[in-house]
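Student: The file below is work.tsv, TSV, C-alpha atoms and all ligand atoms:
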```tsv
chain	number	residue	atom	x	y	z
A	900	MET	CA	121.59	114.85	115.16
A	901	ALA	CA	119.87	117.78	113.43
A	902	ARG	CA	116.73	116.99	111.49
A	903	LEU	CA	115.43	119.23	108.75
A	904	ARG	CA	111.89	119.53	107.50
A	905	SER	CA	109.96	122.03	105.44
A	906	ARG	CA	108.99	125.26	107.24
A	907	ARG	CA	105.40	125.37	108.46
A	908	SER	CA	105.34	127.44	111.66
A	909	GLN	CA	106.66	130.90	112.58
A	910	PRO	CA	110.44	131.28	112.20
A	911	VAL	CA	112.63	131.34	115.32
A	912	GLU	CA	114.93	134.37	115.64
A	913	PRO	CA	118.59	133.22	115.46
A	914	GLU	CA	119.47	135.53	118.37
A	915	ARG	CA	117.06	133.69	120.67
A	916	LEU	CA	118.08	130.25	119.39
A	917	TYR	CA	121.80	130.91	119.90
A	918	ASP	CA	121.41	132.61	123.27
A	919	GLU	CA	119.74	129.39	124.40
A	920	ILE	CA	122.13	126.94	122.77
A	921	ALA	CA	125.34	128.83	123.71
A	922	PRO	CA	126.24	126.77	126.82
A	923	ASP	CA	125.98	123.53	124.79
A	924	TYR	CA	127.27	124.81	121.43
A	925	ALA	CA	130.61	122.94	121.57
A	926	GLU	CA	128.73	119.66	121.87
A	927	HIS	CA	126.37	120.60	119.02
A	928	VAL	CA	129.21	121.17	116.53
A	929	GLU	CA	131.09	118.02	117.50
A	930	ARG	CA	129.18	115.88	114.95
A	931	HIS	CA	130.57	118.06	112.11
A	932	ALA	CA	134.10	118.30	113.54
A	933	LYS	CA	135.72	116.73	110.43
A	934	PHE	CA	133.82	119.04	108.07
A	935	ASN	CA	134.73	122.18	110.01
A	936	SER	CA	138.31	121.06	110.46
A	937	ALA	CA	138.73	120.46	106.68
A	938	ILE	CA	137.52	124.01	106.03
A	939	ASP	CA	139.75	125.45	108.79
A	940	GLU	CA	142.76	123.79	107.09
A	941	LEU	CA	141.87	125.28	103.69
A	942	ILE	CA	141.46	128.76	105.17
A	943	ALA	CA	144.68	128.63	107.20
A	944	LYS	CA	146.64	127.64	104.07
A	945	ASP	CA	145.23	130.64	102.19
A	946	VAL	CA	145.52	133.36	104.84
A	947	ALA	CA	148.89	135.07	105.31
A	948	ASP	CA	150.40	135.68	108.75
A	949	GLY	CA	149.55	139.11	110.11
A	950	SER	CA	146.22	139.35	108.25
A	951	SER	CA	143.19	141.01	109.80
A	952	VAL	CA	140.11	138.79	109.67
A	953	ALA	CA	136.42	139.51	110.35
A	954	ASP	CA	134.65	136.39	111.65
A	955	ILE	CA	131.00	137.09	110.88
A	956	GLY	CA	128.63	134.99	112.98
A	957	THR	CA	131.64	134.05	115.08
A	958	GLY	CA	129.52	131.97	117.48
A	959	THR	CA	131.62	130.90	120.45
A	960	GLY	CA	134.81	131.78	118.53
A	961	LEU	CA	135.76	128.17	117.77
A	962	ARG	CA	136.78	128.96	114.19
A	963	ALA	CA	138.70	132.07	115.19
A	964	ALA	CA	140.58	129.96	117.75
A	965	GLN	CA	141.38	127.32	115.11
A	966	LEU	CA	142.67	129.93	112.67
A	967	LYS	CA	144.82	131.61	115.32
A	968	ARG	CA	146.22	128.22	116.38
A	969	ARG	CA	147.31	127.54	112.80
A	970	ARG	CA	148.29	131.17	112.03
A	971	PRO	CA	149.25	132.79	115.36
A	972	GLY	CA	149.93	136.21	113.77
A	973	VAL	CA	146.39	136.65	112.46
A	974	ARG	CA	144.11	139.16	114.25
A	975	VAL	CA	140.43	138.17	114.37
A	976	THR	CA	137.48	140.46	115.13
A	977	GLY	CA	134.27	138.55	115.79
A	978	PHE	CA	130.74	139.73	115.01
A	979	ASP	CA	127.60	138.03	116.29
A	980	ILE	CA	123.95	138.78	116.90
A	981	SER	CA	123.85	136.62	120.05
A	982	ASN	CA	125.27	138.10	123.26
A	983	GLU	CA	125.62	134.67	124.84
A	984	MET	CA	127.63	133.30	121.92
A	985	LEU	CA	129.82	136.40	121.62
A	986	ARG	CA	130.57	136.49	125.36
A	987	ARG	CA	131.98	132.97	125.08
A	988	ALA	CA	133.97	133.89	121.97
A	989	MET	CA	135.78	136.87	123.53
A	990	PRO	CA	138.84	134.93	124.88
A	991	SER	CA	139.52	133.67	121.31
A	992	LEU	CA	139.17	137.08	119.65
A	993	ASP	CA	141.22	140.25	119.31
A	994	GLY	CA	137.94	142.16	119.36
A	995	GLY	CA	134.25	141.32	119.47
A	996	ILE	CA	131.27	143.35	118.29
A	997	ARG	CA	127.61	142.53	118.78
A	998	ALA	CA	126.20	143.21	115.34
A	999	SER	CA	123.78	141.84	112.83
A	1000	LEU	CA	124.65	141.05	109.24
A	1001	PRO	CA	123.91	142.92	106.87
A	1002	ASN	CA	124.58	145.95	109.11
A	1003	LEU	CA	128.19	145.52	110.15
A	1004	PRO	CA	129.29	148.66	112.04
A	1005	VAL	CA	132.67	148.83	110.30
A	1006	ARG	CA	134.23	151.20	107.76
A	1007	ASP	CA	134.67	150.17	104.11
A	1008	ASN	CA	137.92	148.32	103.23
A	1009	SER	CA	138.72	147.42	106.87
A	1010	PHE	CA	139.72	143.73	106.75
A	1011	ASP	CA	142.09	141.56	104.72
A	1012	HIS	CA	139.66	138.64	104.91
A	1013	ALA	CA	136.24	137.61	106.22
A	1014	LEU	CA	134.76	134.32	107.41
A	1015	CYS	CA	131.09	133.39	107.33
A	1016	LEU	CA	131.08	129.76	108.41
A	1017	TYR	CA	128.87	126.80	109.33
A	1018	ASN	CA	125.94	128.14	107.35
A	1019	THR	CA	125.71	131.44	109.25
A	1020	PHE	CA	124.66	132.86	105.87
A	1021	GLY	CA	121.64	130.51	105.91
A	1022	TYR	CA	120.10	132.54	108.75
A	1023	LEU	CA	119.45	135.46	106.39
A	1024	ARG	CA	115.79	134.97	105.74
A	1025	THR	CA	115.02	136.75	102.48
A	1026	TYR	CA	116.59	137.12	99.06
A	1027	ASP	CA	117.12	140.86	99.69
A	1028	ALA	CA	118.80	140.22	103.04
A	1029	ARG	CA	121.15	137.70	101.38
A	1030	VAL	CA	122.16	140.13	98.64
A	1031	LYS	CA	122.65	142.92	101.22
A	1032	ALA	CA	124.66	140.60	103.47
A	1033	LEU	CA	127.07	139.64	100.67
A	1034	LYS	CA	127.43	143.28	99.65
A	1035	ASP	CA	128.08	144.27	103.28
A	1036	MET	CA	130.78	141.61	103.65
A	1037	ALA	CA	132.31	142.73	100.35
A	1038	ARG	CA	132.22	146.35	101.54
A	1039	ILE	CA	134.31	145.72	104.66
A	1040	LEU	CA	136.98	143.80	102.70
A	1041	LYS	CA	140.07	145.52	101.35
A	1042	PRO	CA	140.62	145.17	97.57
A	1043	GLY	CA	141.98	141.67	96.99
A	1044	GLY	CA	140.45	140.51	100.29
A	1045	ARG	CA	138.73	137.12	100.45
A	1046	LEU	CA	135.48	135.88	101.93
A	1047	TYR	CA	135.45	132.23	103.07
A	1048	ILE	CA	131.89	130.95	103.26
A	1049	ASP	CA	130.12	127.59	103.58
A	1050	VAL	CA	126.41	126.88	103.22
A	1051	VAL	CA	123.94	124.01	103.35
A	1052	ASN	CA	123.53	122.34	99.97
A	1053	ARG	CA	119.85	121.86	99.14
A	1054	THR	CA	120.50	118.68	97.18
A	1055	ASN	CA	122.60	117.08	99.94
A	1056	MET	CA	119.67	116.36	102.19
A	1057	GLY	CA	120.77	112.73	102.63
A	1058	GLU	CA	123.34	113.99	105.15
A	1059	GLN	CA	120.84	116.05	107.14
A	1060	GLY	CA	118.73	113.28	108.62
A	1061	GLU	CA	115.11	113.47	107.63
A	1062	TYR	CA	115.64	114.16	103.92
A	1063	LYS	CA	117.24	110.83	103.12
A	1064	ARG	CA	116.52	110.52	99.40
A	1065	GLY	CA	118.03	108.85	96.36
A	1066	ALA	CA	119.96	110.36	93.48
A	1067	LEU	CA	116.87	110.91	91.35
A	1068	THR	CA	115.09	112.86	94.09
A	1069	ARG	CA	118.19	114.94	94.68
A	1070	ARG	CA	118.21	115.82	91.00
A	1071	LEU	CA	114.54	116.73	91.23
A	1072	LEU	CA	115.24	118.88	94.28
A	1073	SER	CA	117.78	120.72	92.22
A	1074	ALA	CA	115.59	121.09	89.13
A	1075	ILE	CA	112.36	122.01	90.94
A	1076	PRO	CA	113.55	124.16	93.82
A	1077	ALA	CA	110.17	124.24	95.61
A	1078	TYR	CA	109.99	120.46	95.93
A	1079	GLY	CA	109.59	119.49	99.60
A	1080	PHE	CA	109.80	123.04	100.91
A	1081	SER	CA	107.15	125.63	101.75
A	1082	LYS	CA	109.35	128.34	100.22
A	1083	PRO	CA	112.26	127.17	98.04
A	1084	GLY	CA	115.10	126.16	100.33
A	1085	ASP	CA	113.60	127.35	103.63
A	1086	LEU	CA	113.83	124.67	106.29
A	1087	LYS	CA	112.88	124.25	109.89
A	1088	PHE	CA	115.32	122.12	111.86
A	1089	THR	CA	115.33	120.53	115.27
A	1090	MET	CA	118.44	119.45	117.09
A	1091	ASN	CA	118.94	117.55	120.29
A	1092	VAL	CA	121.83	118.68	122.45
A	1093	LYS	CA	122.39	117.09	125.87
A	1094	GLY	CA	118.77	115.91	125.96
A	1095	LYS	CA	117.41	119.40	125.15
A	1096	GLN	CA	115.56	120.08	121.91
A	1097	PHE	CA	116.16	123.26	119.92
A	1098	THR	CA	114.18	124.43	116.89
A	1099	GLY	CA	115.40	126.92	114.31
A	1100	ASP	CA	115.02	128.07	110.72
A	1101	THR	CA	117.62	128.01	108.02
A	1102	HIS	CA	117.99	128.15	104.26
A	1103	ALA	CA	119.54	125.51	102.01
A	1104	PHE	CA	121.01	126.69	98.70
A	1105	THR	CA	121.38	125.41	95.16
A	1106	LEU	CA	124.52	126.11	93.12
A	1107	LYS	CA	122.50	128.15	90.65
A	1108	GLU	CA	121.10	130.31	93.44
A	1109	LEU	CA	124.55	130.87	94.95
A	1110	ASN	CA	126.13	131.80	91.63
A	1111	HIS	CA	123.37	134.35	91.13
A	1112	LEU	CA	123.82	135.83	94.65
A	1113	PHE	CA	127.60	135.99	94.31
A	1114	LYS	CA	127.29	137.80	90.99
A	1115	LYS	CA	125.01	140.40	92.64
A	1116	SER	CA	127.57	140.96	95.41
A	1117	GLY	CA	130.37	141.85	92.99
A	1118	LEU	CA	132.63	139.20	94.53
A	1119	THR	CA	134.39	136.69	92.28
A	1120	VAL	CA	134.52	132.96	93.01
A	1121	VAL	CA	138.18	131.91	93.17
A	1122	HIS	CA	137.64	128.47	94.71
A	1123	LYS	CA	134.66	126.14	95.09
A	1124	GLN	CA	134.55	122.80	96.85
A	1125	VAL	CA	131.95	120.24	97.89
A	1126	ILE	CA	132.86	118.75	101.29
A	1127	GLY	CA	131.19	115.79	103.01
A	1128	TYR	CA	129.26	117.06	106.04
A	1129	THR	CA	130.07	113.92	108.02
A	1130	SER	CA	133.36	112.78	106.48
A	1131	GLY	CA	134.98	116.18	105.89
A	1132	LYS	CA	136.32	114.72	102.61
A	1133	PRO	CA	136.24	116.53	99.24
A	1134	GLN	CA	133.42	115.19	97.05
A	1135	THR	CA	133.25	115.01	93.27
A	1136	ASP	CA	129.46	114.52	93.26
A	1137	PRO	CA	127.91	117.97	93.94
A	1138	ASN	CA	124.98	116.24	95.73
A	1139	ARG	CA	127.19	114.59	98.35
A	1140	GLY	CA	128.37	117.44	100.54
A	1141	GLN	CA	128.05	121.05	101.63
A	1142	PHE	CA	129.35	123.99	99.59
A	1143	PHE	CA	132.50	125.88	100.53
A	1144	PHE	CA	133.53	128.95	98.51
A	1145	VAL	CA	136.38	131.42	98.48
A	1146	LEU	CA	135.24	134.75	97.02
A	1147	GLU	CA	137.49	137.68	96.19
A	1148	LYS	CA	136.96	141.44	96.06
A	1149	ALA	CA	138.46	143.08	92.96
B	1201	LIG	C1	125.80	127.96	113.14
B	1201	LIG	S1	126.50	129.21	114.14
B	1201	LIG	C2	128.14	129.32	113.45
B	1201	LIG	C3	129.15	129.87	114.44
B	1201	LIG	C4	130.59	129.84	113.95
B	1201	LIG	N1	130.76	130.55	112.69
B	1201	LIG	C5	131.10	128.42	113.80
B	1201	LIG	O1	131.46	128.03	112.67
B	1201	LIG	O2	131.15	127.69	114.83
B	1201	LIG	C6	125.74	130.68	113.50
B	1201	LIG	C7	126.10	131.92	114.29
B	1201	LIG	O3	125.69	133.06	113.52
B	1201	LIG	C8	125.03	133.98	114.37
B	1201	LIG	N2	124.11	134.75	113.51
B	1201	LIG	C9	122.97	134.32	112.93
B	1201	LIG	N3	122.44	135.31	112.16
B	1201	LIG	C10	123.27	136.38	112.28
B	1201	LIG	C11	123.26	137.71	111.74
B	1201	LIG	N4	122.30	138.12	110.91
B	1201	LIG	N5	124.26	138.55	112.09
B	1201	LIG	C12	125.25	138.14	112.93
B	1201	LIG	N6	125.30	136.91	113.46
B	1201	LIG	C13	124.34	136.03	113.16
B	1201	LIG	C14	124.36	133.13	115.43
B	1201	LIG	O4	124.08	133.86	116.61
B	1201	LIG	C15	125.41	132.04	115.64
B	1201	LIG	O5	126.34	132.38	116.64
```
I'd like the structure from this file rewritten - as structure tokens, please.

Tutor:
Amino acid sequence: MARLRSRRSQPVEPERLYDEIAPDYAEHVERHAKFNSAIDELIAKDVADGSSVADIGTGTGLRAAQLKRRRPGVRVTGFDISNEMLRRAMPSLDGGIRASLPNLPVRDNSFDHALCLYNTFGYLRTYDARVKALKDMARILKPGGRLYIDVVNRTNMGEQGEYKRGALTRRLLSAIPAYGFSKPGDLKFTMNVKGKQFTGDTHAFTLKELNHLFKKSGLTVVHKQVIGYTSGKPQTDPNRGQFFFVLEKA
């Protein structure tokens, strides 16, 4: 179970974290299998056969494999900062490139669609990096192409472990973004996988923050859903799940 707390010490580089966790990654994601599967279903329904897809922060290629299982004609190119993750993803990909968002080594208008899943976007550490990352993902999409992205919801801390709080506190978290965090939304997390403990840094978002970032990127929100992190079920209460968005390039 991952536990989140406010950031106090030096951040851990995601490359180092994921190189270390790579052999045990499948076990780590198991606890959110229903959440990831619900998103995989939504994406597969929206993506046409034969599409080219960039899976950004592909990890071990689990999501690429799921998409190709549901849509066998789709071609997926994976991008990841971690060699150890990417090496494991290669059998599920049509191509794999070691690269770091927001510097994707790809020409403009290259892909029909892009994925940025399981809070990969949360590893971008600054506001500027987040804006650049969204613009870079928009750049590599063809006109009409879609970006499928999910992120940690700052007011859904009840599903993260340590931040088990009531409705009033969640509202406060939303209204006063710095509450409980050293920098608004920045979190240090620890996770135990097969008896080993891993520590990393991520960012949890508010809806207001996301709408602002998306506007900056030039992408348009065409679908937004709150999905239970444990249950994988759609939620009507925006404080009861993680955010999933479909964004489109004009
Ligand atoms: C939580 S995992 C998600 C993996 C995969 N998308 C999934 O849903 O299983 C995050 C992945 O993003 C990669 N990553 C983190 N920051 C990145 C960056 N700036 N550029 C490229 N990859 C990055 C990590 O190495 C890791 O493999």

Student: Just how far from CA of His1122 (chain A) is CA of Thr1101 (chain A), in Å to one decimal?

Tutor: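 Going from CA of Thr1101 (chain A) over to CA of His1122 (chain A), I get 24.0 Å.
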
Student: Using all atoms listed in the file, which residues sit within 9 Å of region 1038-1048 of chain A once same-chain residues fewer than 3 positions away are excluded, as a count of residues only?

Tutor: 34

Student: Centre and edge lengths of an axis-aligned box around all listed atoms of ligand LIG 1201 (chain B), with 8 Å added on each side, are to be given in Å to one decimal, as JSON.

Tutor:
```
{"center_x": 126.9, "center_y": 133.1, "center_z": 113.8, "size_x": 25.2, "size_y": 26.9, "size_z": 21.7}
```

Student: Produce a table with one row for each residue of chain A that has an atom at most 9 Å from any atom of ligand LIG 1201 (chain B), each row naming the nearest atom pair and its distance in Å at one decimal; use only C-alpha atoms and all ligand atoms; arrange rows by chain and rising residue number; format as a tab-separated table.

Tutor:
```
residue	atom	partner	partner_atom	distance
A:Glu912	CA	B:LIG1201	N3	8.3
A:Pro913	CA	B:LIG1201	C9	5.2
A:Glu914	CA	B:LIG1201	O4	5.2
A:Arg915	CA	B:LIG1201	O4	8.1
A:Leu916	CA	B:LIG1201	O4	7.5
A:Tyr917	CA	B:LIG1201	O4	5.0
A:Asp918	CA	B:LIG1201	O4	7.3
A:Ala921	CA	B:LIG1201	O5	8.0
A:Tyr924	CA	B:LIG1201	O2	8.2
A:Ala925	CA	B:LIG1201	O2	8.3
A:Val928	CA	B:LIG1201	O2	7.0
A:Asn935	CA	B:LIG1201	O1	7.2
A:Asp954	CA	B:LIG1201	N1	7.1
A:Ile955	CA	B:LIG1201	C12	6.2
A:Gly956	CA	B:LIG1201	O3	3.6
A:Thr957	CA	B:LIG1201	N1	4.3
A:Gly958	CA	B:LIG1201	O5	3.3
A:Thr959	CA	B:LIG1201	O2	6.5
A:Gly960	CA	B:LIG1201	C4	6.5
A:Leu961	CA	B:LIG1201	O2	5.5
A:Arg962	CA	B:LIG1201	O1	5.6
A:Ala963	CA	B:LIG1201	N1	8.5
A:Phe978	CA	B:LIG1201	C12	6.1
A:Asp979	CA	B:LIG1201	N6	3.8
A:Ile980	CA	B:LIG1201	N6	4.1
A:Ser981	CA	B:LIG1201	O4	4.4
A:Asn982	CA	B:LIG1201	O4	8.0
A:Glu983	CA	B:LIG1201	O4	8.4
A:Met984	CA	B:LIG1201	O5	5.5
A:Leu985	CA	B:LIG1201	O5	7.3
A:Arg997	CA	B:LIG1201	C12	7.7
A:Ala998	CA	B:LIG1201	C12	5.7
A:Ser999	CA	B:LIG1201	N5	3.4
A:Leu1000	CA	B:LIG1201	N5	3.8
A:Pro1001	CA	B:LIG1201	N4	6.5
A:Asn1002	CA	B:LIG1201	N5	8.0
A:Leu1003	CA	B:LIG1201	N5	8.2
A:Leu1014	CA	B:LIG1201	N1	7.6
A:Cys1015	CA	B:LIG1201	N1	6.1
A:Leu1016	CA	B:LIG1201	N1	4.4
A:Tyr1017	CA	B:LIG1201	O1	4.4
A:Asn1018	CA	B:LIG1201	C1	5.8
A:Thr1019	CA	B:LIG1201	C6	4.3
A:Phe1020	CA	B:LIG1201	N3	7.1
A:Gly1021	CA	B:LIG1201	N3	7.9
A:Tyr1022	CA	B:LIG1201	N3	5.0
A:Leu1023	CA	B:LIG1201	N4	6.0
A:Arg1024	CA	B:LIG1201	N4	8.9
A:Ala1028	CA	B:LIG1201	N4	8.9
A:Ala1032	CA	B:LIG1201	N4	8.2
```

Student: Tell me, as a PDB file with C-alpha atoms, in the frame of the given file, which residues lie within 10 Å of Ser991 (chain A), counting all atoms listed in the file; anything in the same chain fewer than 3 positions away does not count.

Tutor:
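The resulting file, part_33.pdb, is shown below:
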```pdb
ATOM      1  CA  THR A 959     131.620 130.900 120.450  1.00  0.00           C
ATOM      2  CA  GLY A 960     134.810 131.780 118.530  1.00  0.00           C
ATOM      3  CA  LEU A 961     135.760 128.170 117.770  1.00  0.00           C
ATOM      4  CA  ARG A 962     136.780 128.960 114.190  1.00  0.00           C
ATOM      5  CA  ALA A 963     138.700 132.070 115.190  1.00  0.00           C
ATOM      6  CA  ALA A 964     140.580 129.960 117.750  1.00  0.00           C
ATOM      7  CA  GLN A 965     141.380 127.320 115.110  1.00  0.00           C
ATOM      8  CA  LEU A 966     142.670 129.930 112.670  1.00  0.00           C
ATOM      9  CA  LYS A 967     144.820 131.610 115.320  1.00  0.00           C
ATOM     10  CA  ARG A 968     146.220 128.220 116.380  1.00  0.00           C
ATOM     11  CA  VAL A 975     140.430 138.170 114.370  1.00  0.00           C
ATOM     12  CA  THR A 976     137.480 140.460 115.130  1.00  0.00           C
ATOM     13  CA  GLY A 977     134.270 138.550 115.790  1.00  0.00           C
ATOM     14  CA  ARG A 987     131.980 132.970 125.080  1.00  0.00           C
ATOM     15  CA  ALA A 988     133.970 133.890 121.970  1.00  0.00           C
ATOM     16  CA  GLY A 994     137.940 142.160 119.360  1.00  0.00           C
ATOM     17  CA  GLY A 995     134.250 141.320 119.470  1.00  0.00           C
TER      18      GLY A 995
END
```

Student: Could you check the closest approach to His931 (chain A) for each of A:Ala1037, A:Ile1126, A:Met989, A:Leu1109 and tell me which residue wins, using all atoms listed in the file?

Tutor: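 Smallest distance to His931 (chain A) is found for A:Ile1126.
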
Student: Can you work out the spacing between CA of Thr1135 (chain A) and CA of Asn1055 (chain A) in Å, to one decimal?

Tutor: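 So the two atoms, CA of Thr1135 (chain A) and CA of Asn1055 (chain A), lie 12.7 Å apart.
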
Student: Under the rule that all atoms listed in the file are counted, which of A:Ile920, A:Leu1106, A:Val1050, A:Leu1112 is the nearest residue to Gln1141 (chain A)?

Tutor: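 Of A:Ile920, A:Leu1106, A:Val1050, A:Leu1112, the one nearest Gln1141 (chain A), counting all atoms listed in the file, is A:Val1050.
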
Student: Name the closest residue to Tyr1128 (chain A) among the candidates A:Arg969, A:His927, A:His1102, A:Lys933; distances are taken between atoms, counting all atoms listed in the file.

Tutor: A:Lys933

Student: So how many Å separate CA of Ile996 (chain A) and CA of Ser951 (chain A), to one decimal?

Tutor: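 So the answer is 14.8 Å.
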